[in-house]
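Notes follow the structure.
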Amino acid sequence: MAAIVQSGIQSTLADYEIVDLRKKQAPTTIASDSIIVKQYHAGLESIIERDSVEYSLLLTSLATSRSPFFHNACTYLPENDELWTTSDLLQTTSSSQLPIVLISKIRMQRDEDNDDVVAVEWSKLRPPPNVAMPAGACAYLQGLLYCSQGTLKPDTGGLYYMPHGKAPRPVVTSFGPRPFNSPQQAAVSKDGTIWFTDSSLGFGKEIRPSPQLPSHVYLYDPDSASGLRVVADGIEAPTGLCFCPDEETLYVTDAGTRRDNGSAPSTQPATIYAFDIITRGGQPFLTNKRVFAFAMKGAPVAVKCDDVGNVYAACGDGIEIWSPGGVPLGLIEVAGGCSSFCFGNPGEMFLGAEQRLFRLQVQARNSAADDMLE
């Protein structure tokens, strides 16, 4: 597929509102190409500078195909100044065929004076044949680690490492003789172990056969012959996960509410759980499972921590933000919500909102650089 070049991208100052959560909030109307920052707690100002947040709409398919190209796997590779995403399921021209997922590679062109993104080159790529229905991804070694959900065919799905410019190779593709359900997201710890979620969301979308395993969180040690272990269960639809900065806590999202058809208020989970990471017998374990937060709208499908431990989640209203103690700090509001996001250069974020891809500069560039040096 030919690359698309989008030039003339300009930044806009975001509206900033102070909101009292003790009062019932009236629904707000926000344009599809706009972003509003809502402050719930004064602590938000230490990570998002009031009156200084700039955003730009890098890409949109709203006026053309309306296809959700920016659905998942938002991952920034600084060495190449590239952003990678995966689409949601895209229908093919034949009703007898399964939907497909496309991978997007977005290469940045920046202003030399202020580092703003002024143009992007967008390439839509078909996944390699063995990486069926890719969902989440993360930076890994010299490339990307993809969670392949698999298809209705046997022996599909798992985790695949795709070095930059080379064919992907399998990392782990089953739990013993039983296939994974549909791996969703992975995170790599400082010691090189891989933690990932596996849920039955693929079965609910009719792209995977009936589950042969419960929904689990797994740990895989590439340096151990028996390195695949279940480390958490009892989560209805584990989706996103991330470590806190010192890797003593793991956050896991439960997107069970995504099963609701929208006909009634969902009572299914839309929860971020926190686990303590402890060592027993020389191996890491998860303990002290607790509710960290519940999304105000929709399900928390992606979760990340910043350098000081604040927790961000892609939810039905945008990016909801909490302090390390679970205090709601604020919201980066996006029409229709967000499904994926990542951090870029200092003070920079990228937001995937299905048909739209945004860039945010949440801190002044000199302030963000100072924070990195502390």
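Each chain in the structure tokens gets a letter, A, B and so on, in the order shown; residues start at 1 in every chain, and ligands are counted from 1 in the order they appear.
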(request) List every residue of stretch 155-346 of chain A that DSSP, applied to the backbone, labels as alpha helix (DSSP H), and write the result as a PyMOL selection string. (result) chain A and resi 201-204
What's around A:Val327 at 10 Å? Count only C-alpha atoms, leave out sequence neighbours fewer than 6 positions away in its own chain, and write the answer as an mmCIF file with all heavy atoms, in the first residue's frame.
data_model
loop_
_atom_site.group_PDB
_atom_site.id
_atom_site.type_symbol
_atom_site.label_atom_id
_atom_site.label_comp_id
_atom_site.auth_asym_id
_atom_site.auth_seq_id
_atom_site.Cartn_x
_atom_site.Cartn_y
_atom_site.Cartn_z
ATOM 1 N N TYR A 40 -9.070 17.445 37.945
ATOM 2 C CA TYR A 40 -9.857 17.052 39.108
ATOM 3 C C TYR A 40 -9.133 17.360 40.414
ATOM 4 O O TYR A 40 -9.759 17.479 41.462
ATOM 5 C CB TYR A 40 -10.147 15.551 39.080
ATOM 6 C CG TYR A 40 -10.878 15.062 37.841
ATOM 7 C CD1 TYR A 40 -10.687 13.771 37.365
ATOM 8 C CD2 TYR A 40 -11.771 15.880 37.149
ATOM 9 C CE1 TYR A 40 -11.360 13.308 36.243
ATOM 10 C CE2 TYR A 40 -12.437 15.429 36.024
ATOM 11 C CZ TYR A 40 -12.226 14.136 35.579
ATOM 12 O OH TYR A 40 -12.877 13.674 34.467
ATOM 13 N N HIS A 41 -7.807 17.413 40.356
ATOM 14 C CA HIS A 41 -6.988 17.590 41.555
ATOM 15 C C HIS A 41 -5.787 18.449 41.178
ATOM 16 O O HIS A 41 -5.272 18.359 40.056
ATOM 17 C CB HIS A 41 -6.528 16.221 42.080
ATOM 18 C CG HIS A 41 -5.814 16.263 43.388
ATOM 19 N ND1 HIS A 41 -4.475 16.561 43.486
ATOM 20 C CD2 HIS A 41 -6.251 16.017 44.657
ATOM 21 C CE1 HIS A 41 -4.117 16.512 44.767
ATOM 22 N NE2 HIS A 41 -5.165 16.184 45.500
ATOM 23 N N GLY A 43 -2.851 18.156 41.826
ATOM 24 C CA GLY A 43 -1.674 17.378 41.470
ATOM 25 C C GLY A 43 -1.485 17.205 39.980
ATOM 26 O O GLY A 43 -0.386 16.887 39.524
ATOM 27 N N PHE A 292 -7.366 -0.653 42.120
ATOM 28 C CA PHE A 292 -6.662 0.631 42.089
ATOM 29 C C PHE A 292 -7.605 1.740 41.647
ATOM 30 O O PHE A 292 -7.624 2.823 42.222
ATOM 31 C CB PHE A 292 -5.457 0.551 41.147
ATOM 32 C CG PHE A 292 -4.776 1.873 40.954
ATOM 33 C CD1 PHE A 292 -3.911 2.369 41.914
ATOM 34 C CD2 PHE A 292 -4.998 2.631 39.801
ATOM 35 C CE1 PHE A 292 -3.294 3.601 41.750
ATOM 36 C CE2 PHE A 292 -4.380 3.862 39.626
ATOM 37 C CZ PHE A 292 -3.521 4.347 40.599
ATOM 38 N N ALA A 293 -8.404 1.467 40.599
ATOM 39 C CA ALA A 293 -9.316 2.491 40.080
ATOM 40 C C ALA A 293 -10.388 1.824 39.237
ATOM 41 O O ALA A 293 -10.226 0.702 38.761
ATOM 42 C CB ALA A 293 -8.561 3.527 39.248
ATOM 43 N N ASN A 310 2.518 8.102 38.216
ATOM 44 C CA ASN A 310 1.118 8.376 37.914
ATOM 45 C C ASN A 310 0.626 7.376 36.879
ATOM 46 O O ASN A 310 1.379 6.935 36.007
ATOM 47 C CB ASN A 310 0.951 9.802 37.391
ATOM 48 C CG ASN A 310 1.365 10.841 38.406
ATOM 49 O OD1 ASN A 310 0.811 10.920 39.500
ATOM 50 N ND2 ASN A 310 2.363 11.644 38.062
ATOM 51 N N VAL A 311 -0.653 7.027 36.970
ATOM 52 C CA VAL A 311 -1.227 5.979 36.134
ATOM 53 C C VAL A 311 -2.199 6.604 35.139
ATOM 54 O O VAL A 311 -3.081 7.375 35.519
ATOM 55 C CB VAL A 311 -1.946 4.923 36.999
ATOM 56 C CG1 VAL A 311 -2.572 3.839 36.129
ATOM 57 C CG2 VAL A 311 -0.966 4.303 37.998
ATOM 58 N N ILE A 321 -6.464 9.866 34.409
ATOM 59 C CA ILE A 321 -5.165 9.909 35.092
ATOM 60 C C ILE A 321 -5.378 9.864 36.598
ATOM 61 O O ILE A 321 -6.222 10.580 37.145
ATOM 62 C CB ILE A 321 -4.388 11.183 34.717
ATOM 63 C CG1 ILE A 321 -4.304 11.340 33.186
ATOM 64 C CG2 ILE A 321 -2.988 11.169 35.320
ATOM 65 C CD1 ILE A 321 -3.760 12.687 32.744
#
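Going from atom CA of A:Lys297 to atom CA of A:Gly318 covers 8.8 Å.
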(message) I'd like the contact shell of stretch 198-212 of chain A - 8 Å cut-off, only C-alpha atoms, skipping same-chain residues fewer than 5 positions apart - returned as a ChimeraX atom specification.
(response) /A:98,149-152,178-185,217-218,236-239,259
Given the selection you just returned, output its residues as a file containing N, CA, C and O atoms, formatted as a compact mmCIF listing (two decimals), in the first residue's frame.
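Result file follows (out33.txt):
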# COMPACT_ATOMS: atom_id res chain seq x y z
N LEU A 98 -12.81 -13.91 7.30
CA LEU A 98 -12.64 -13.21 8.56
C LEU A 98 -12.20 -11.77 8.31
O LEU A 98 -11.60 -11.46 7.27
N GLN A 149 -3.48 -12.32 18.23
CA GLN A 149 -4.67 -12.96 18.79
C GLN A 149 -4.93 -14.32 18.16
O GLN A 149 -5.51 -15.20 18.79
N GLY A 150 -4.48 -14.51 16.91
CA GLY A 150 -4.76 -15.75 16.21
C GLY A 150 -6.09 -15.69 15.48
O GLY A 150 -6.82 -14.70 15.53
N THR A 151 -6.42 -16.79 14.79
CA THR A 151 -7.66 -16.89 14.02
C THR A 151 -8.38 -18.19 14.41
O THR A 151 -8.04 -18.83 15.40
N LEU A 152 -9.36 -18.57 13.61
CA LEU A 152 -10.08 -19.82 13.86
C LEU A 152 -9.23 -21.04 13.52
O LEU A 152 -9.57 -22.16 13.92
N ARG A 178 -2.08 -26.47 25.05
CA ARG A 178 -3.29 -25.68 24.84
C ARG A 178 -2.97 -24.30 24.28
O ARG A 178 -2.06 -23.62 24.75
N PRO A 179 -3.72 -23.87 23.26
CA PRO A 179 -3.46 -22.55 22.66
C PRO A 179 -3.92 -21.43 23.58
O PRO A 179 -4.83 -21.60 24.40
N PHE A 180 -3.29 -20.29 23.45
CA PHE A 180 -3.78 -19.10 24.13
C PHE A 180 -5.15 -18.72 23.56
O PHE A 180 -5.52 -19.13 22.46
N ASN A 181 -5.89 -17.93 24.33
CA ASN A 181 -7.21 -17.47 23.87
C ASN A 181 -7.05 -16.37 22.82
O ASN A 181 -7.36 -16.56 21.65
N SER A 182 -6.59 -15.21 23.24
CA SER A 182 -6.26 -14.11 22.31
C SER A 182 -5.39 -13.11 23.08
O SER A 182 -5.92 -12.22 23.75
N PRO A 183 -4.07 -13.28 23.03
CA PRO A 183 -3.17 -12.36 23.74
C PRO A 183 -3.45 -10.91 23.38
O PRO A 183 -3.66 -10.58 22.21
N GLN A 184 -3.43 -10.04 24.40
CA GLN A 184 -3.85 -8.65 24.20
C GLN A 184 -2.73 -7.63 24.31
O GLN A 184 -2.62 -6.74 23.49
N GLN A 185 -1.92 -7.72 25.36
CA GLN A 185 -0.89 -6.71 25.56
C GLN A 185 0.27 -7.31 26.33
O GLN A 185 0.08 -8.22 27.14
N VAL A 217 -3.00 -13.73 33.31
CA VAL A 217 -1.80 -12.93 33.12
C VAL A 217 -0.62 -13.90 33.21
O VAL A 217 -0.55 -14.71 34.13
N TYR A 218 0.28 -13.81 32.22
CA TYR A 218 1.41 -14.73 32.14
C TYR A 218 2.73 -14.00 32.32
O TYR A 218 2.85 -12.80 32.05
N GLU A 236 -11.77 -11.07 34.51
CA GLU A 236 -12.69 -11.47 33.44
C GLU A 236 -12.10 -11.26 32.06
O GLU A 236 -12.12 -12.14 31.20
N ALA A 237 -11.56 -10.08 31.80
CA ALA A 237 -11.00 -9.77 30.48
C ALA A 237 -9.72 -8.96 30.66
O ALA A 237 -9.70 -7.76 30.40
N PRO A 238 -8.63 -9.60 31.10
CA PRO A 238 -7.37 -8.86 31.25
C PRO A 238 -6.91 -8.33 29.90
O PRO A 238 -6.87 -9.06 28.92
N THR A 239 -6.57 -7.04 29.88
CA THR A 239 -6.26 -6.40 28.60
C THR A 239 -4.92 -5.68 28.66
O THR A 239 -3.92 -6.17 28.19
N ARG A 259 -17.90 -6.28 26.90
CA ARG A 259 -18.81 -7.31 26.42
C ARG A 259 -20.24 -6.79 26.33
O ARG A 259 -21.09 -7.38 25.67
(request) Please provide as an MDAnalysis selection string all residues within 9 Å of A:Thr75, with the sequence filter that same-chain residues fewer than 2 positions apart are discarded (counting only C-alpha atoms). (result) chainID A and resid 73 77 82:85 136:139 144 341:344 350
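Coordinates place atom CA of A:Ile319 at a distance of 5.6 Å from atom CA of A:Leu331.
Each of A:Asp233, A:Asp317, A:Asp307, A:Asp223 was checked against A:Lys289 using only C-alpha atoms; the smallest atom-to-atom distance is that of A:Asp233.
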(request) Point out the residue among A:Tyr312, A:Phe69, A:Phe294, A:Phe175 with the least atom-to-atom distance to A:Gly352, counting only C-alpha atoms. (result) A:Phe69
(request) Name the residues in contact with A:Thr257 at a cut-off of 9 Å, using only C-alpha atoms, excluding same-chain residues fewer than 6 positions from it; report them as a list in words. (result) Ala237, Ser266, Thr267, Gln268, Pro269, Ala270, Gly298 and Ala299 of chain A
(request) Give me the residues within 12 Å of A:Val230 as a ChimeraX atom specification, counting only C-alpha atoms and dropping any in the same chain fewer than 2 places off. (result) /A:175-176,180,194-198,213-221,226-228,232-234,284-286
(message) Taking 4 positions as the minimum chain separation for residues in the same chain, which residues sit within 10 Å of stretch 277-279 of chain A when counting only C-alpha atoms? Answer as a list of chain:residue names.
(response) A:Phe243, A:Glu247, A:Glu248, A:Thr249, A:Leu250, A:Gln283, A:Pro284, A:Phe285, A:Leu286, A:Thr287, A:Asn288
(message) Just the number, please: distance in Å from atom CA of A:Thr12 to atom CA of A:Gln361, one decimal.
(response) 10.1 Å
